[in-house]
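Below: input_3.txt (compact mmCIF, C-alpha atoms)
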# COMPACT_ATOMS: atom_id res chain seq x y z
CA MET X 35 0.00 0.00 0.00
CA ASP X 36 1.11 3.54 -0.75
CA TYR X 37 0.41 5.73 2.26
CA PRO X 38 0.07 9.52 2.07
CA LYS X 39 3.44 11.13 2.86
CA LYS X 40 1.74 13.24 5.52
CA LEU X 41 0.63 10.05 7.31
CA VAL X 42 4.07 8.42 7.17
CA ASP X 43 5.69 11.63 8.45
CA LEU X 44 3.18 11.76 11.31
CA VAL X 45 3.91 8.20 12.40
CA SER X 46 7.67 8.77 12.05
CA GLU X 47 7.40 11.76 14.37
CA ARG X 48 5.25 9.82 16.87
CA SER X 49 7.80 6.97 16.83
CA LYS X 50 11.07 8.90 17.01
CA ASN X 51 11.82 8.13 20.67
CA PHE X 52 11.40 4.36 20.36
CA GLN X 53 13.84 1.64 19.35
CA LEU X 54 12.25 0.90 16.00
CA GLU X 55 13.88 0.10 12.66
CA GLY X 56 12.64 0.58 9.10
CA PHE X 57 9.12 1.01 7.78
CA ILE X 58 7.29 -1.79 5.98
CA ALA X 59 3.98 -1.14 4.27
CA GLY X 60 1.00 -3.45 4.53
CA GLN X 61 0.40 -5.48 1.36
CA GLY X 62 -2.63 -6.84 -0.45
CA PRO X 63 -5.74 -5.82 -2.37
CA LEU X 64 -8.49 -3.40 -1.44
CA GLN X 65 -11.73 -5.05 -0.26
CA PRO X 66 -9.94 -8.38 0.25
CA LYS X 67 -11.37 -11.68 1.40
CA LEU X 68 -9.53 -11.15 4.67
CA MET X 69 -7.32 -8.65 6.48
CA LEU X 70 -4.65 -10.14 8.74
CA VAL X 71 -3.32 -7.95 11.56
CA GLY X 72 -0.06 -9.16 13.08
CA GLU X 73 2.34 -7.73 15.63
CA ALA X 74 5.29 -6.01 13.92
CA PRO X 75 7.85 -6.73 11.20
CA GLY X 76 10.96 -8.75 11.99
CA ARG X 77 14.49 -8.64 10.65
CA ASN X 78 13.64 -10.39 7.35
CA GLU X 79 10.78 -8.01 6.64
CA VAL X 80 13.01 -4.97 7.14
CA VAL X 81 15.34 -6.34 4.45
CA ASN X 82 12.85 -7.54 1.83
CA HIS X 83 9.77 -5.42 2.70
CA ILE X 84 7.45 -8.46 2.50
CA PRO X 85 5.17 -8.93 5.56
CA PHE X 86 5.51 -12.35 7.20
CA SER X 87 8.42 -13.50 5.06
CA GLY X 88 10.43 -15.27 7.79
CA ALA X 89 9.90 -18.63 9.48
CA ALA X 90 6.56 -17.52 10.94
CA GLY X 91 5.54 -16.46 7.44
CA LYS X 92 5.97 -20.01 6.14
CA GLU X 93 3.61 -21.27 8.85
CA LEU X 94 1.15 -18.49 8.02
CA ILE X 95 1.13 -19.17 4.27
CA GLN X 96 0.52 -22.89 4.87
CA ALA X 97 -2.44 -22.07 7.13
CA MET X 98 -3.79 -19.57 4.60
CA GLU X 99 -3.51 -22.06 1.76
CA SER X 100 -5.44 -24.64 3.80
CA ILE X 101 -8.55 -22.42 3.51
CA GLY X 102 -7.96 -21.09 0.01
CA LEU X 103 -6.19 -17.84 0.85
CA THR X 104 -3.12 -16.38 -0.85
CA ARG X 105 -1.13 -13.17 -0.60
CA GLU X 106 -3.05 -12.03 -3.68
CA ASN X 107 -6.51 -12.14 -2.03
CA THR X 108 -5.47 -11.25 1.54
CA TYR X 109 -4.36 -7.91 2.97
CA ILE X 110 -1.52 -8.40 5.47
CA THR X 111 -0.50 -5.72 7.95
CA SER X 112 0.39 -5.33 11.63
CA ALA X 113 -0.21 -3.12 14.64
CA VAL X 114 3.30 -1.64 14.32
CA ARG X 115 4.89 -1.09 10.91
CA SER X 116 8.55 -0.85 12.04
CA ARG X 117 10.75 -3.51 13.65
CA PRO X 118 11.00 -3.20 17.45
CA TYR X 119 14.46 -4.25 18.65
CA LYS X 120 16.43 -4.38 21.87
CA ILE X 121 20.14 -3.90 22.43
CA VAL X 122 21.86 -6.88 24.03
CA GLU X 123 25.50 -7.16 25.02
CA ARG X 124 26.90 -10.68 24.94
CA ILE X 125 30.07 -12.74 24.53
CA ASN X 126 30.63 -13.94 20.98
CA LYS X 127 31.03 -17.73 21.28
CA ARG X 128 33.47 -17.89 18.39
CA THR X 129 35.72 -14.92 19.20
CA GLN X 130 35.05 -14.74 22.96
CA GLU X 131 34.78 -10.96 22.59
CA ASN X 132 31.99 -8.66 23.75
CA GLU X 133 29.51 -7.69 21.07
CA LEU X 134 26.21 -5.88 20.73
CA VAL X 135 23.26 -7.58 18.99
CA TYR X 136 19.84 -6.19 18.17
CA PRO X 137 17.19 -8.94 18.37
CA ASN X 138 13.46 -8.53 17.73
CA ARG X 139 11.16 -7.82 20.65
CA THR X 140 7.44 -7.40 21.25
CA PRO X 141 6.22 -3.83 20.64
CA ASN X 142 4.95 -1.98 23.70
CA LYS X 143 1.62 -0.17 24.05
CA LYS X 144 3.14 3.26 23.35
CA GLU X 145 4.63 1.99 20.09
CA VAL X 146 1.30 0.47 19.07
CA LEU X 147 -0.38 3.82 19.82
CA ALA X 148 2.29 5.68 17.83
CA HIS X 149 1.52 3.53 14.77
CA ALA X 150 -2.25 3.56 15.25
CA PRO X 151 -2.88 6.18 12.52
CA ILE X 152 -1.50 3.74 9.94
CA LEU X 153 -3.84 0.89 10.88
CA ASP X 154 -6.83 3.25 11.09
CA TYR X 155 -6.00 4.48 7.58
CA GLU X 156 -5.66 0.93 6.29
CA LEU X 157 -9.01 -0.12 7.75
CA ALA X 158 -10.76 2.86 6.17
CA THR X 159 -9.04 2.37 2.80
CA VAL X 160 -8.92 -1.43 2.50
CA GLN X 161 -12.46 -1.93 3.87
CA PRO X 162 -12.10 -5.60 4.83
CA LYS X 163 -15.23 -7.70 5.26
CA LEU X 164 -13.41 -9.86 7.78
CA ILE X 165 -10.37 -9.34 10.02
CA ALA X 166 -8.22 -11.99 11.71
CA THR X 167 -5.69 -10.95 14.31
CA LEU X 168 -2.46 -12.90 14.80
CA GLY X 169 -1.41 -12.98 18.45
CA ASN X 170 -2.16 -10.70 21.38
CA ILE X 171 -0.74 -7.44 20.04
CA GLY X 172 -3.03 -7.20 17.00
CA LEU X 173 -5.97 -8.53 19.01
CA GLN X 174 -5.62 -5.99 21.81
CA ARG X 175 -5.02 -3.14 19.37
CA LEU X 176 -8.48 -3.77 17.92
CA LEU X 177 -10.46 -5.07 20.90
CA GLY X 178 -8.63 -3.90 24.01
CA PRO X 179 -6.41 -5.35 26.77
CA LYS X 180 -9.10 -7.59 28.26
CA TRP X 181 -8.91 -9.80 25.19
CA GLN X 182 -6.32 -12.56 25.64
CA ILE X 183 -5.56 -14.87 22.75
CA SER X 184 -5.22 -17.88 25.04
CA GLU X 185 -8.84 -17.41 26.15
CA ARG X 186 -10.53 -15.97 23.05
CA HIS X 187 -8.81 -17.70 20.10
CA GLY X 188 -11.20 -18.89 17.41
CA GLU X 189 -14.13 -16.82 18.69
CA ILE X 190 -16.09 -14.77 16.18
CA TYR X 191 -16.55 -11.18 17.31
CA HIS X 192 -18.88 -8.75 15.55
CA GLY X 193 -19.03 -5.16 16.73
CA PRO X 194 -17.03 -1.93 17.03
CA ILE X 195 -13.24 -1.91 17.28
CA LEU X 196 -10.77 0.55 18.77
CA GLU X 197 -9.70 3.55 16.70
CA LEU X 198 -7.83 6.73 17.54
CA THR X 199 -9.70 9.70 18.96
CA ALA X 200 -9.50 13.03 17.15
CA GLU X 201 -6.73 14.04 19.57
CA GLN X 202 -4.81 10.88 18.53
CA ASP X 203 -3.64 10.20 22.08
CA THR X 204 -5.98 7.35 23.05
CA TYR X 205 -8.64 5.04 21.60
CA GLN X 206 -12.40 5.09 21.23
CA LEU X 207 -14.90 2.58 19.85
CA SER X 208 -15.63 2.89 16.15
CA GLU X 209 -19.09 3.60 14.81
CA LYS X 210 -18.59 0.95 12.15
CA LYS X 211 -18.90 -2.69 13.13
CA TYR X 212 -16.37 -5.31 12.06
CA THR X 213 -16.12 -9.09 12.19
CA VAL X 214 -12.91 -10.16 13.93
CA VAL X 215 -11.50 -13.65 14.53
CA PRO X 216 -8.57 -13.89 17.01
CA LEU X 217 -5.90 -16.39 15.91
CA PHE X 218 -2.64 -17.45 17.53
CA HIS X 219 0.46 -15.85 16.06
CA PRO X 220 1.99 -18.31 13.57
CA ALA X 221 5.26 -18.25 15.57
CA ALA X 222 3.42 -19.64 18.62
CA ILE X 223 3.85 -23.17 17.28
CA PHE X 224 7.66 -22.81 17.59
CA TYR X 225 7.39 -22.32 21.34
CA ASN X 226 4.48 -24.60 22.14
CA ARG X 227 3.84 -27.57 19.87
CA SER X 228 0.79 -28.53 21.93
CA LEU X 229 -1.06 -25.60 20.34
CA SER X 230 -1.02 -27.33 16.95
CA GLU X 231 -4.56 -28.74 17.12
CA LYS X 232 -6.05 -25.49 18.46
CA ILE X 233 -4.37 -23.48 15.71
CA LYS X 234 -5.64 -25.88 13.05
CA ASN X 235 -9.21 -25.77 14.41
CA ASP X 236 -9.19 -21.95 14.56
CA TRP X 237 -8.22 -21.74 10.90
CA VAL X 238 -11.03 -24.20 10.06
CA THR X 239 -13.44 -21.85 11.87
CA LEU X 240 -12.10 -18.94 9.85
CA GLY X 241 -12.43 -20.90 6.61
CA LYS X 242 -16.09 -21.70 7.30
CA LEU X 243 -16.75 -18.04 8.07
CA LEU X 244 -15.14 -17.01 4.78
CA GLU X 245 -17.32 -19.51 2.90
CA LYS X 246 -20.40 -18.04 4.56
CA GLU X 247 -19.32 -14.49 3.64
CA GLU X 248 -18.95 -15.45 -0.01
CA LYS X 249 -22.48 -16.85 -0.32

What is this file in structure tokens?
Amino acid sequence: MDYPKKLVDLVSERSKNFQLEGFIAGQGPLQPKLMLVGEAPGRNEVVNHIPFSGAAGKELIQAMESIGLTRENTYITSAVRSRPYKIVERINKRTQENELVYPNRTPNKKEVLAHAPILDYELATVQPKLIATLGNIGLQRLLGPKWQISERHGEIYHGPILELTAEQDTYQLSEKKYTVVPLFHPAAIFYNRSLSEKIKNDWVTLGKLLEKEEK
């Protein structure tokens, strides 16, 4: 997606005090079958500018394909459009010397708020019939902190979502109603293999909902 320069400049200004790297646009068609809202780009995405192009992306594409989705009919974005990183000092195992590394980290609430104008713009422009969130960050950006993916995954929500107020310093409920399905982040399977069946069933639920929408 091509964002207005004014919007990108605004988000850059709102983000300037955070440890964030790069800026990766959301990708996909307008009025898609589905909008996916993830967490934030990782190192791979900063390099190639393709959302979900790392190891988690492979898991995501397989899940999408299982219900007939592709990058061509799905809009993919995230709550934060830059890579959050932390600075870690460690001993290099090969050289035994101190070094600094900059691994990915989970974006914080202030960073999500800083990037909120982008997601609001995407929602208004893309006009998705159906939204699926991937993990807690995307879920809570749209539905608030009381929503936990471990408790609400696979549920079908229909109603208002959170959007920025006119002052752009907090959220309010939207007038428009959306259908949202919370899904586990595709990387969750790397840390907890026992989630496999739940993840599979949630995507089946989403697939049935998509079929219903198309009728």

Using all atoms listed in the file: which of X:Leu64, X:Leu134, X:Ser87, X:Ser46 has the shortest distance to Arg115 in chain X =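 Among the listed residues, X:Ser46 lies closest to Arg115 in chain X.
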
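The closest residue to Val45 in chain X, picked from X:Val214, X:Ala148, X:Ile101, X:Val81 and counting all atoms listed in the file, is X:Ala148.
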
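Nearest residue to Leu198 in chain X among X:Tyr155, X:Gln174, X:Phe57, X:Ala166 is X:Tyr155, counting all atoms listed in the file.
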
message = Using all atoms listed in the file, can you tell me which of X:Ser184, X:Gln61, X:Tyr212, X:Leu244 comes closest to Lys232 in chain X?
response =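 For Lys232 in chain X, the nearest of the given residues is X:Ser184.
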
task = Counting only C-alpha atoms, find the residues whose atoms lie at most 8 Å from (-1.2, 3.6, 18.2) (file coordinates) and write them out as a ChimeraX atom specification.
result = /X:113-114,143-151,175,198,204

Would you mind exporting C-alpha atoms of the selected residues as an mmCIF file, in the coordinates of the input?
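See again.cif below for the written result:
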data_model
loop_
_atom_site.group_PDB
_atom_site.id
_atom_site.type_symbol
_atom_site.label_atom_id
_atom_site.label_comp_id
_atom_site.auth_asym_id
_atom_site.auth_seq_id
_atom_site.Cartn_x
_atom_site.Cartn_y
_atom_site.Cartn_z
ATOM 1 C CA ALA X 113 -0.210 -3.120 14.640
ATOM 2 C CA VAL X 114 3.300 -1.640 14.320
ATOM 3 C CA LYS X 143 1.620 -0.170 24.050
ATOM 4 C CA LYS X 144 3.140 3.260 23.350
ATOM 5 C CA GLU X 145 4.630 1.990 20.090
ATOM 6 C CA VAL X 146 1.300 0.470 19.070
ATOM 7 C CA LEU X 147 -0.380 3.820 19.820
ATOM 8 C CA ALA X 148 2.290 5.680 17.830
ATOM 9 C CA HIS X 149 1.520 3.530 14.770
ATOM 10 C CA ALA X 150 -2.250 3.560 15.250
ATOM 11 C CA PRO X 151 -2.880 6.180 12.520
ATOM 12 C CA ARG X 175 -5.020 -3.140 19.370
ATOM 13 C CA LEU X 198 -7.830 6.730 17.540
ATOM 14 C CA THR X 204 -5.980 7.350 23.050
#

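Here CA of Gly72 in chain X stands at a distance of 6.2 Å from CA of Thr111 in chain X.
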
Generate the missing atoms of range 167-190 of chain X up to N, CA and C atoms and report them as a compact mmCIF listing (two decimals), in the coordinates of the input.
# COMPACT_ATOMS: atom_id res chain seq x y z
N THR X 167 -6.88 -11.43 13.63
CA THR X 167 -5.69 -10.95 14.31
C THR X 167 -4.77 -12.12 14.60
N LEU X 168 -3.46 -11.86 14.59
CA LEU X 168 -2.46 -12.90 14.80
C LEU X 168 -1.69 -12.59 16.07
N GLY X 169 -2.06 -13.23 17.17
CA GLY X 169 -1.41 -12.98 18.45
C GLY X 169 -2.08 -11.88 19.26
N ASN X 170 -1.55 -11.64 20.44
CA ASN X 170 -2.16 -10.70 21.38
C ASN X 170 -2.07 -9.25 20.96
N ILE X 171 -0.95 -8.86 20.33
CA ILE X 171 -0.74 -7.44 20.04
C ILE X 171 -1.80 -6.91 19.07
N GLY X 172 -2.00 -7.61 17.96
CA GLY X 172 -3.03 -7.20 17.00
C GLY X 172 -4.43 -7.28 17.60
N LEU X 173 -4.67 -8.34 18.37
CA LEU X 173 -5.97 -8.53 19.01
C LEU X 173 -6.30 -7.37 19.95
N GLN X 174 -5.36 -7.03 20.83
CA GLN X 174 -5.62 -5.99 21.81
C GLN X 174 -5.63 -4.60 21.19
N ARG X 175 -4.94 -4.42 20.09
CA ARG X 175 -5.02 -3.14 19.37
C ARG X 175 -6.45 -2.88 18.89
N LEU X 176 -7.12 -3.93 18.47
CA LEU X 176 -8.48 -3.77 17.92
C LEU X 176 -9.58 -3.90 18.97
N LEU X 177 -9.37 -4.78 19.96
CA LEU X 177 -10.46 -5.07 20.90
C LEU X 177 -10.15 -4.76 22.36
N GLY X 178 -8.93 -4.33 22.65
CA GLY X 178 -8.63 -3.90 24.01
C GLY X 178 -7.88 -4.93 24.83
N PRO X 179 -7.29 -4.50 25.97
CA PRO X 179 -6.41 -5.35 26.77
C PRO X 179 -7.09 -6.51 27.47
N LYS X 180 -8.40 -6.48 27.61
CA LYS X 180 -9.10 -7.59 28.26
C LYS X 180 -9.14 -8.84 27.38
N TRP X 181 -8.89 -8.66 26.10
CA TRP X 181 -8.91 -9.80 25.19
C TRP X 181 -7.54 -10.49 25.21
N GLN X 182 -7.53 -11.75 25.60
CA GLN X 182 -6.32 -12.56 25.64
C GLN X 182 -6.46 -13.70 24.64
N ILE X 183 -5.45 -13.87 23.80
CA ILE X 183 -5.56 -14.87 22.75
C ILE X 183 -5.73 -16.28 23.31
N SER X 184 -5.12 -16.54 24.46
CA SER X 184 -5.22 -17.88 25.04
C SER X 184 -6.65 -18.23 25.43
N GLU X 185 -7.46 -17.20 25.72
CA GLU X 185 -8.84 -17.41 26.15
C GLU X 185 -9.85 -17.22 25.02
N ARG X 186 -9.52 -16.37 24.04
CA ARG X 186 -10.53 -15.97 23.05
C ARG X 186 -10.23 -16.46 21.63
N HIS X 187 -9.17 -17.26 21.45
CA HIS X 187 -8.81 -17.70 20.10
C HIS X 187 -9.96 -18.46 19.46
N GLY X 188 -10.16 -18.19 18.18
CA GLY X 188 -11.20 -18.89 17.41
C GLY X 188 -12.61 -18.37 17.60
N GLU X 189 -12.80 -17.42 18.52
CA GLU X 189 -14.13 -16.82 18.69
C GLU X 189 -14.43 -15.88 17.52
N ILE X 190 -15.69 -15.73 17.22
CA ILE X 190 -16.09 -14.77 16.18
C ILE X 190 -16.72 -13.56 16.86
